[in-house]
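Colleague: One structure is given below, represented as structure tokens, and several questions about it will come after.
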Amino acid sequence: MAVLNMVSALNQAFGGEMERDPSVVVLGEDVGRDGGVFRVTEGLLDRFGADRVVDTPLAEMAIAGMAVGMALNGLRPVAEIQFMGFSYLTLSTMISHASRMRNRTRSGMHVPMVMRMPYGAGVKALEHHSESMEALFVQVPGLKVVVPSTPREAKGLLISSIRDPDPVVFLEPTRSYRLMKEEVEEESFTIPLGEARQVREGDDITVVGWGAMMPLIEKAVGSVGKKGIECDVLDLRTLSPMDSTAVLSSVRKTGRCVIVQEAPRNCGVAAELIARINEGALLSLEAPVERVTAPDIVVPLPQGEGHYYITPGRIENAIERVANF
Amino acid sequence: MAVLNMVSALNQAFGGEMERDPSVVVLGEDVGRDGGVFRVTEGLLDRFGADRVVDTPLAEMAIAGMAVGMALNGLRPVAEIQFMGFSYLTLSTMISHASRMRNRTRSGMHVPMVMRMPYGAGVKALEHHSESMEALFVQVPGLKVVVPSTPREAKGLLISSIRDPDPVVFLEPTRSYRLMKEEVEEESFTIPLGEARQVREGDDITVVGWGAMMPLIEKAVGSVGKKGIECDVLDLRTLSPMDSTAVLSSVRKTGRCVIVQEAPRNCGVAAELIARINEGALLSLEAPVERVTAPDIVVPLPQGEGHYYITPGRIENAIERVANF
Amino acid sequence: MLIDDYDPLKKRMLQVLDQEGKVVNPSLEPVLDPDVLMRAYRTMVLARQIDDKAVILQRQGRLGAYPPNRGQEAASLGPAMAIGKDDWLVWAFRELAGLLWKGLDPLRLYLYWMGNEEGSHYPPGLKVLPAVIPVGSQLPIAVGMAYASMIRREGTVTLSYCGDGATSAGDFHEALNSAGTFRTPNVFVIQNNQWAISMPRNRQTAAPTLAQKAVAYGFPGIMVDGNDVLAMYMATQEAVGRARRGEGPTLIEAYTYRMGNHTTSDDAKKYRLEEELKEWEKRDPLVRLKAYLMNRGMLDERQEETILGEAKEETERIVVEAERFPRPTVDDVFKHTYAQMPRTLTEQLERCRRLEGGGR
Amino acid sequence: MLIDDYDPLKKRMLQVLDQEGKVVNPSLEPVLDPDVLMRAYRTMVLARQIDDKAVILQRQGRLGAYPPNRGQEAASLGPAMAIGKDDWLVWAFRELAGLLWKGLDPLRLYLYWMGNEEGSHYPPGLKVLPAVIPVGSQLPIAVGMAYASMIRREGTVTLSYCGDGATSAGDFHEALNSAGTFRTPNVFVIQNNQWAISMPRNRQTAAPTLAQKAVAYGFPGIMVDGNDVLAMYMATQEAVGRARRGEGPTLIEAYTYRMGNHTTSDDAKKYRLEEELKEWEKRDPLVRLKAYLMNRGMLDERQEETILGEAKEETERIVVEAERFPRPTVDDVFKHTYAQMPRTLTEQLERCRRLEGGGR
Ligand SMILES: Cc1ncc(C[n+]2csc(CCOP(=O)(O)OP(=O)(O)O)c2C)c(N)n1
Ligand SMILES: Cc1ncc(C[n+]2csc(CCOP(=O)(O)OP(=O)(O)O)c2C)c(N)n1
Ligand SMILES: [Mg+2]
Ligand SMILES: [Mg+2]
């Protein structure tokens with residue numbers, strides 16, 4: 001068992017799946033010779049050849065559309081979009097075709113594709129390179145949306161996504177690509193989509209997050225733990241379908257909840273979770289649920305980042321406030 | 001004062017604004033000679049000429065992008081997208097440029113444009129012609145999102161949107177285009193953006209909706225009124241910025257709330273409102289807030305519509321359930 | 001090669017038949033089995049019947065908004081005749097005749113336009129994509145499909161259609177440019193019917209021909225008389241050959257005309273001149289093929305009547321079957337969102353079922 | 001007209017100077033004031049300095065990811081020299097020399113790459129759009145800007161730049177096709193620097209030239225030696241003239257080379273051959289203009305040194321100023337979302353202020 005960072009774990013997932021299933025192909029800008037701007041697809045071109053590791057022209061609509069067509073014609077494409085900030089160009093295709101072909105044809109056809117992209121902030125990047133607009137995809141019926149938070153999770157979830165018969169949007173937290181390492185099984189394994197992960201058990205308060213927020217949450221939870229607040233921590237893992245059952249049963253136990261969302265506030269995943277808590281566990285609530293989110297502004301350029309990003313301190317504050325309500 | 005339907009009221013708004021301000025231009029597919037597929041821009045070509053009433057090639061990205069450029073260079077463009085189902089093609093431009101130019105340039109430049117489109121279901125239309133995906137736009141910091149519900153509202157809100165210094169997405173409920181008529185002042189008038197409209201006062205329960213849901217709500221509210229349930233009805237009117245203050249003060253008064261949303265459930269405007277009620281009025285709640293929404297599935301073709309659309313009966317049910325909780 | 005002789009920059013248009021059904025250029029006349037020619041004619045007649053009937057049904061409230069095909073039968077049929085069973089056909093929404101040739105049961109088409117998703121539920125192996133409404137968005141999909149065939153070394157091609165309006169869309173560009181780069185086995189047919197709703201062809205692009213757009217992608221384009229089914233067949237056949245041999249994509253502009261309204265919700269009188277329509281009615285593709293067959297002694301008036309009669313019967317059959325077809329249940333509209341229904345959706349379905357059952 | 005002589009389908013490339021600075025074709029040599037030529041040279045030298053320094057600053061952690069301009073100075077400068085004060089310049093992100101010519105204070109550029117939005121806060125009346133990162137998305141905007149100028153009968157033009165990679169994007173197509181249809185006063189310059197990150201030009205499109213993409217839009221295209229500032233100037237001047245006279249847009253392909261990495265985060269050695277770079281280093285645009293000026297006796301070694309010294313000083317000035325420039329406050333990052341801050345945002349700002357002040 002090797003100790004890997006998320007980039008290597010993802011790369012390993014690709015290697016295994018492409019060995020196992022010759023219909024798996026990778027496409028996107030710079031995914032071949034360059035190995036992807038974050039090196040996730042490094043080495044795949046040499047191992048699997050240019051037919052299956054496809055450097056595309058600079059054309060996101062075509063990347064998404066070609067992936068749909070490949071999937072309809074027997075392949076299992078994994079498309080890479082270089083940054084989430086450029087994925088908006090694919091929304092029309094994802095909404096109008098990827099997510100609907102199954103329903104449109106009454107399951108006569110379906111679209112087993114994955115669209116991966118790095119998302120999120122904290123790496124001092126240019127404009128459009130720090131966005132976290134996952135709720136754009138979560139809103140779309142027929143899509144699945146997956147966000148891993150650790151190297152091992154990334155591998156297992158990517159493999160499940162590739163094998164899934166439905167279109168999956170796979171969001172990789174840029175900030176976590178090389179942040180941490182952990183032991184990852186050499187061989188292939190899957191982590192089921194649609195199930196949240198219990199990261200830590202506690203009776204005082206439920207803390208929910210996903211992706212790049214998990215390391216921040218763990219810090220915050222550690223600090224408040226020292227003050228005697230025991231957190232029940234959930235990594236949502238799949239934003240669509242959302243495992244609200246896990247969240248609700250935790251909230252029914254703790255009566256309190258903080259949701260941490262990197263994205264702006266309006267109509268985000270946290271809002272949806274609060275609505276579901278309201279619907280299914282309102283009577284258990286001993287305090288208003290709090291969301292720690294970005295404000296409803298454009299992600300600032302690096303010099304303004306400090307005013308924008310969520311910190312463990314902010315999460316800690318929120319946990320304490322809700323716990324002591 | 002003439003009695004107008006929504007199409008005529010919008011047409012009148014255009015006439016007045018184009019007379020008043022020579023920088024107002026209209027662009028889109030078939031907006032000229034054809035007067036738009038719903039006839040909203042009928043007659044404008046003859047009155048204002050082809051320079052200002054611009055029939056474009058079939059290219060939504062260009063329509064949105066050109067509108068941004070026109071706005072940056074001294075015009076006040078009002079772009080029409082033929083149906084919301086084709087507006088996803090504009091999202092990249094709206095997110096990356098329209099909504100950000102002001103912040104990007106620290107207010108050195110800004111984008112006073114309107115993007116109008118019919119949205120919503122109930123007219124037995126083809127695929128992609130019935131969608132209600134407003135939350136895609138509501139999520140985007142820097143955009144405003146406006147949805148009129150009656151002819152007079154449509155006129156006043158469109159004029160405000162045209163005069164607004166920021167980009168506005170203006171959603172016209174297809175179903176209401178010719179559904180009702182009301183008296184509309186001949187001259188121009190504005191209705192401020194960002195303020196909900198109190199449609200009816202009542203102490204028992206708050207009912208919130210917008211756009212095409214308002215006539216359904218009014219029916220439902222009438223029925224439950226006969227059973228002694230008095231509803232406080234709010235037409236949200238502007239989805240972004242959202243007038244949650246009005247909703248919260250109503251909920252503080254009634255302690256109960258039903259939100260009616262034509263769109264699918266996940267991460268919609270109703271979820272955001274529930275989150276804000278949770279944050280600001282949880283302690284006033286005497287029952288869980290209920291959302292009446294579409295399910296998280298693709299809008300069915302006409303033969304399946306009946307299983308999908310919200311009816312006054314469903315709203316009535318929800319109101320009674322919450323009122324009697 | 002036709003595509004060299006008819007380079008669009010030379011401003012020539014490929015034609016085999018004149019309106020009287022005479023062969024303009026004998027060296028271009030395809031060698032087709034009489035059965036095949038007769039089947040082509042029957043297909044066009046049937047397409048015309050189904051199309052006309054759909055317009056009537058719409059007026060009677062028995063079918064939804066519908067985009068008439070009248071005048072474009074040859075433009076969609078000729079290309080379909082040049083592909084095989086294992087090749088893919090990717091259409092937009094105005095390719096009735098081509099679909100009939102390819103083997104799609106027209107019942108499905110009526111179901112579709114009547115607003116039932118079963119209308120896009122095709123038998124496995126038919127190799128036809130469902131109708132695509134967002135203009136141009138089928139083209140990148142067609143490139144992906146061709147790419148998949150290509151790397152499997154199948155030797156199959158993907159034939160796709162789009163309208164003149166679609167050529168302005170970003171999808172068109174990204175698709176054709178990518179296809180050129182990958183040399184995928186794509187044949188792109190533009191049905192240039194001169195109009196995109198109310199927008200005439202010359203307001204869609206300043207390029208004098210649509211075929212010349214291929215110059216931007218590094219592969220050949222050709223402009224073809226789209227009302228001449230033999231010319232469309234010949235051009236596509238050559239394009240299909242190139243694709244099968246790994247020589248990459250071809251763009252074919254079918255110069256044709258939409259004789260009807262854009263859809264039944266549209267009124268073309270508002271924006272186009274009656275005379276233009278009159279001119280084009282003289283070039284009716286059905287009349288042209290009939291004249292050719294009569295000239296060749298393959299068809300007479302009596303046969304013609306029989307064919308028409310059969311087409312009418314077939315049309316009646318599908319009207320009856322389509323109207324008898326079960327309407328979607330609440331389960332149907334939920335069931336196909338994902339392969340497995342997620343829990344939240346199951347709950348939503350149960351609530352809907354309850355409501356429909358009169359519960360709360 | 002140059003655009004007739006250099007029709008891209010003829011596969012010719014417009015060139016005025018050879019690498020030794022000799023005039024290849026005297027009839028094409030522009031009549032430019034010596035002051036203007038000297039200013040052009042100074043601009044290129046300054047651009048090179050600012051560019052090199054940015055790369056160093058990035059390595060020292062004093063500036064963010066940065067896309068080097070080295071080798072492309074003539075391609076962006078020549079066009080900028082051909083427009084006037086009232087014309088718009090719409091850039092992508094690698095047009096330093098052109099921006100300096102247009103009058104943008106390079107301090108703004110450093111602020112931008114250092115991650116401060118004040119870097120895109122330009123003085124009113126400058127008529128330059130901020131940098132555009134989503135590749136190609138500036139082009140529809142440029143068409144809208146030109147449209148606005150056109151209907152005001154201003155006689156001004158909009159000059160826009162994009163890369164070779166951008167030509168594959170749907171935005172490129174929709175923009176150029178619309179511009180052709182409306183005959184807007186646009187001049188579209190493609191900086192074909194042979195690479196889009198790791199993708200070589202021939203993997204971007206199968207078209208043998210990028211200039212010929214104009215054929216798809218019904219307006220002229222021309223391929224120009226992009227390392228020859230005089231050729232770029234001449235071609236653009238002609239395009240600008242056409243635009244001002246209402247003759248519509250022109251597409252100019254500047255054939256040039258990105259000598260550096262894509263950005264400071266990239267390592268070009270991974271995907272391209274050292275020899276290719278070596279070849280292109282011989283065609284350095286700065287060296288070429290210098291040789292021309294020396295040949296014409298307008299520049300000597302001493303002057304050259306002075307110019308270089310001045311450029312270094314100026315670069316130091318902007319480093320100092322940029323590093324001294326106030327960083328955005330919490331108010332700054334909220335304030336410019338809307339003209340008037342909505343209530344919810346005010347609340348969010350207040351909470352942020354409170355948190356930053358150590359409150360909760
Ligand atoms: C992306 C998109 N924009 C707008 C529409 C609305 N619309 C439907 S058909 C049509 C015109 C299509 O013209 P063309 O491509 O020439 O096809 P034709 O209708 O002539 O067959 C338009 C604008 C659409 N379906 N998709
Ligand atoms: C729409 C979009 N997709 C992807 C990217 C990531 N990206 C940044 S620059 C670049 C290559 C651009 O190539 P080109 O247009 O030739 O410009 P150059 O970098 O050579 O100046 C890519 C793929 C982007 N910025 N925008
Ligand atoms: Mg057409
Ligand atoms: Mg380049």
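Each chain in the structure tokens gets a letter, A, B, ..., in the order shown, and its residues are numbered from 1; ligands are numbered from 1 in order too.
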Ligand 3: which residues are within 10 Å, counting only C-alpha atoms and all ligand atoms? Reply as JSON, numbers by chain.
Modeller: {"C": [94, 162, 163, 164, 165, 166, 167, 190, 191, 192, 193, 194, 195, 196, 197, 198, 199, 200, 201, 204, 256, 257, 258, 262]}
Colleague: Would you tabulate, counting only C-alpha atoms, all residues of chain B that have an atom at most 9 Å from an atom of chain D, showing the closest pair of atoms and their distance in Å to one decimal, sorted by chain then ascending number, as a Markdown table?
Modeller:
```
| residue | atom | partner | partner_atom | distance |
| --- | --- | --- | --- | --- |
| B:Asp51 | CA | D:Ile151 | CA | 6.1 |
| B:Arg52 | CA | D:Ile151 | CA | 8.1 |
| B:Thr56 | CA | D:Ser178 | CA | 7.4 |
| B:Pro57 | CA | D:Ser178 | CA | 6.5 |
| B:Leu58 | CA | D:Glu174 | CA | 8.7 |
| B:Ala59 | CA | D:Glu174 | CA | 6.0 |
| B:Glu60 | CA | D:Glu174 | CA | 8.3 |
| B:Met61 | CA | D:Asp171 | CA | 6.5 |
| B:Ala62 | CA | D:Pro140 | CA | 5.1 |
| B:Ile63 | CA | D:Pro140 | CA | 7.8 |
| B:Ala64 | CA | D:Pro140 | CA | 7.9 |
| B:Gly65 | CA | D:Pro140 | CA | 4.6 |
| B:Met66 | CA | D:Gly144 | CA | 3.7 |
| B:Ala67 | CA | D:Gly144 | CA | 6.1 |
| B:Val68 | CA | D:Ile141 | CA | 5.8 |
| B:Gly69 | CA | D:Ile141 | CA | 4.1 |
| B:Met70 | CA | D:Gly144 | CA | 4.6 |
| B:Ala71 | CA | D:Met145 | CA | 7.8 |
| B:Leu72 | CA | D:Met145 | CA | 6.9 |
| B:Asn73 | CA | D:Met145 | CA | 5.4 |
| B:Gly74 | CA | D:Ala148 | CA | 7.1 |
| B:Leu75 | CA | D:Ala148 | CA | 6.6 |
| B:Ser92 | CA | D:Ser137 | CA | 8.7 |
| B:Thr93 | CA | D:Ser137 | CA | 7.2 |
| B:Ser96 | CA | D:Pro134 | CA | 7.7 |
| B:His97 | CA | D:Ser137 | CA | 8.6 |
| B:Ser99 | CA | D:Thr337 | CA | 7.9 |
| B:Arg100 | CA | D:Thr337 | CA | 7.3 |
| B:Met101 | CA | D:Pro130 | CA | 8.7 |
| B:Arg102 | CA | D:His336 | CA | 5.9 |
| B:Asn103 | CA | D:His336 | CA | 4.5 |
| B:Arg104 | CA | D:Glu117 | CA | 5.8 |
| B:Thr105 | CA | D:His121 | CA | 4.5 |
| B:Arg106 | CA | D:His121 | CA | 5.8 |
| B:Ser107 | CA | D:His336 | CA | 5.9 |
| B:Gly108 | CA | D:His121 | CA | 5.5 |
| B:Met109 | CA | D:His121 | CA | 8.2 |
| B:His110 | CA | D:Ala339 | CA | 8.6 |
| B:Pro141 | CA | D:Thr337 | CA | 7.0 |
| B:Gly142 | CA | D:Thr337 | CA | 5.1 |
| B:Leu143 | CA | D:Tyr338 | CA | 8.2 |
| B:Asp164 | CA | D:Ala339 | CA | 8.9 |
| B:Pro165 | CA | D:Ala339 | CA | 6.7 |
| B:Asp166 | CA | D:Tyr338 | CA | 6.4 |
| B:Gly194 | CA | D:Pro342 | CA | 7.9 |
| B:Pro241 | CA | D:Pro342 | CA | 6.4 |
| B:Met242 | CA | D:Thr344 | CA | 8.0 |
| B:Asp243 | CA | D:Arg343 | CA | 8.4 |
| B:Ser244 | CA | D:Thr344 | CA | 8.3 |
| B:Thr245 | CA | D:Arg343 | CA | 8.8 |
```
Colleague: Could those selected residues go to a file with C-alpha atoms, as a CSV table (one decimal), in the first residue's frame?
Modeller:
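Written output follows (out-v1.csv):
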```csv
chain,number,residue,atom,x,y,z
B,51,ASP,CA,-29.9,49.6,-36.1
B,52,ARG,CA,-31.8,49.4,-32.8
B,56,THR,CA,-29.1,38.3,-34.9
B,57,PRO,CA,-27.8,35.0,-36.3
B,58,LEU,CA,-28.7,31.9,-34.4
B,59,ALA,CA,-25.9,32.3,-31.8
B,60,GLU,CA,-26.8,32.7,-28.1
B,61,MET,CA,-23.2,33.1,-27.0
B,62,ALA,CA,-22.8,35.9,-29.4
B,63,ILE,CA,-26.1,37.5,-28.4
B,64,ALA,CA,-25.0,37.6,-24.7
B,65,GLY,CA,-21.5,38.6,-25.6
B,66,MET,CA,-22.6,41.3,-28.0
B,67,ALA,CA,-25.0,42.7,-25.3
B,68,VAL,CA,-22.1,42.9,-22.9
B,69,GLY,CA,-20.0,44.7,-25.5
B,70,MET,CA,-22.8,47.1,-26.4
B,71,ALA,CA,-23.4,47.9,-22.7
B,72,LEU,CA,-19.7,48.6,-22.2
B,73,ASN,CA,-19.7,50.9,-25.2
B,74,GLY,CA,-22.6,53.2,-24.3
B,75,LEU,CA,-25.7,51.3,-25.2
B,92,SER,CA,-20.5,31.4,-19.4
B,93,THR,CA,-20.7,34.9,-20.7
B,96,SER,CA,-17.6,35.4,-16.5
B,97,HIS,CA,-18.3,38.9,-17.9
B,99,SER,CA,-21.8,39.8,-13.7
B,100,ARG,CA,-18.2,40.6,-13.0
B,101,MET,CA,-17.1,43.5,-15.1
B,102,ARG,CA,-18.0,46.0,-12.4
B,103,ASN,CA,-16.0,44.2,-9.7
B,104,ARG,CA,-13.2,43.3,-12.1
B,105,THR,CA,-12.6,46.9,-12.9
B,106,ARG,CA,-13.4,48.3,-9.4
B,107,SER,CA,-16.4,50.0,-11.0
B,108,GLY,CA,-14.4,51.5,-13.8
B,109,MET,CA,-16.7,49.7,-16.2
B,110,HIS,CA,-20.2,48.2,-15.8
B,141,PRO,CA,-23.1,37.1,-7.7
B,142,GLY,CA,-23.4,40.3,-9.7
B,143,LEU,CA,-26.5,39.4,-11.6
B,164,ASP,CA,-30.8,49.5,-13.9
B,165,PRO,CA,-27.0,50.0,-14.0
B,166,ASP,CA,-26.4,46.3,-13.5
B,194,GLY,CA,-35.4,43.9,-4.9
B,241,PRO,CA,-31.4,40.3,-4.7
B,242,MET,CA,-34.0,38.5,-2.8
B,243,ASP,CA,-36.3,40.4,-0.4
B,244,SER,CA,-36.0,38.0,2.4
B,245,THR,CA,-36.7,40.8,4.9
```
Colleague: Check stretch 117-360 of chain D with DSSP on the backbone and list each residue it calls alpha helix (DSSP H), as a VMD selection string.
Modeller: chain D and resid 138 to 151 170 to 182 229 to 244 274 to 281 285 to 295 301 to 324 330 to 335 343 to 356
Colleague: One decimal, Å: what's the distance from atom CA of A:Pro295 over to atom CA of A:Pro264, could you say?
Modeller: 5.2 Å
Colleague: For a quick test of understanding: name the residues of chain B lying within 9 Å of chain A when counting only C-alpha atoms, and present them as a PyMOL selection string.
Modeller: chain B and resi 85-93+95-96+99-100+103-104+128+133+135-142+240+264-276+278-283+287-291+295-298+300
Colleague: Please provide as JSON, numbers by chain all residues within 9 Å of C:Val229, with the sequence filter that same-chain residues fewer than 5 positions apart are discarded (counting only C-alpha atoms).
Modeller: {"C": [16, 17, 40, 73, 74, 75, 76, 77, 78, 79, 234, 285, 286, 288, 289]}
Colleague: Those same residues - C-alpha atoms - I'd like them written as a compact mmCIF listing (two decimals), in the first residue's frame.
Modeller:
```
# COMPACT_ATOMS: atom_id res chain seq x y z
CA VAL C 16 -27.95 15.39 -61.58
CA LEU C 17 -31.57 15.96 -62.51
CA ALA C 40 -36.85 6.08 -52.59
CA GLU C 73 -37.61 15.35 -48.62
CA ALA C 74 -34.76 14.85 -51.08
CA ALA C 75 -32.27 16.68 -48.89
CA SER C 76 -32.76 14.28 -46.02
CA LEU C 77 -33.43 11.16 -48.07
CA GLY C 78 -30.46 11.23 -50.46
CA PRO C 79 -27.84 11.15 -47.68
CA MET C 234 -24.00 10.98 -55.10
CA PRO C 285 -38.21 17.36 -55.07
CA LEU C 286 -40.98 14.80 -55.19
CA ARG C 288 -38.59 15.85 -59.86
CA LEU C 289 -37.97 12.25 -58.83
```
Colleague: Based on the backbone DSSP call, show me all residues of stretch 216-258 of chain B assigned strand (DSSP E or B), as a ChimeraX atom specification.
Modeller: /B:231-235,238-240,257-258
Colleague: Atoms to include: C-alpha atoms. Write the selected residues as an mmCIF file, in the first residue's frame.
Modeller:
```cif
data_model
loop_
_atom_site.group_PDB
_atom_site.id
_atom_site.type_symbol
_atom_site.label_atom_id
_atom_site.label_comp_id
_atom_site.auth_asym_id
_atom_site.auth_seq_id
_atom_site.Cartn_x
_atom_site.Cartn_y
_atom_site.Cartn_z
ATOM 1 C CA CYS B 231 -52.880 33.872 4.009
ATOM 2 C CA ASP B 232 -50.226 36.517 3.868
ATOM 3 C CA VAL B 233 -49.229 36.298 0.204
ATOM 4 C CA LEU B 234 -45.949 37.613 -1.149
ATOM 5 C CA ASP B 235 -44.892 37.844 -4.770
ATOM 6 C CA THR B 238 -36.968 39.885 -7.689
ATOM 7 C CA LEU B 239 -35.195 36.607 -7.012
ATOM 8 C CA SER B 240 -31.842 38.318 -6.771
ATOM 9 C CA CYS B 257 -44.876 29.351 5.587
ATOM 10 C CA VAL B 258 -45.395 27.654 2.240
#
```
Colleague: Between C:Leu159, C:Val55, C:Met259, C:Leu293, which residue has the minimum interatomic distance to ligand 1, considering only C-alpha atoms and all ligand atoms?
Modeller: C:Met259
Colleague: Set the distance at 9 Å and use only C-alpha atoms: which residues neighbour D:Gly246 once local chain neighbours fewer than 4 positions away are removed? I'd like the list as a list in words.
Modeller: Met150, Gly155, Arg183, Thr184, Pro185, Gly241 and Arg242 of chain D
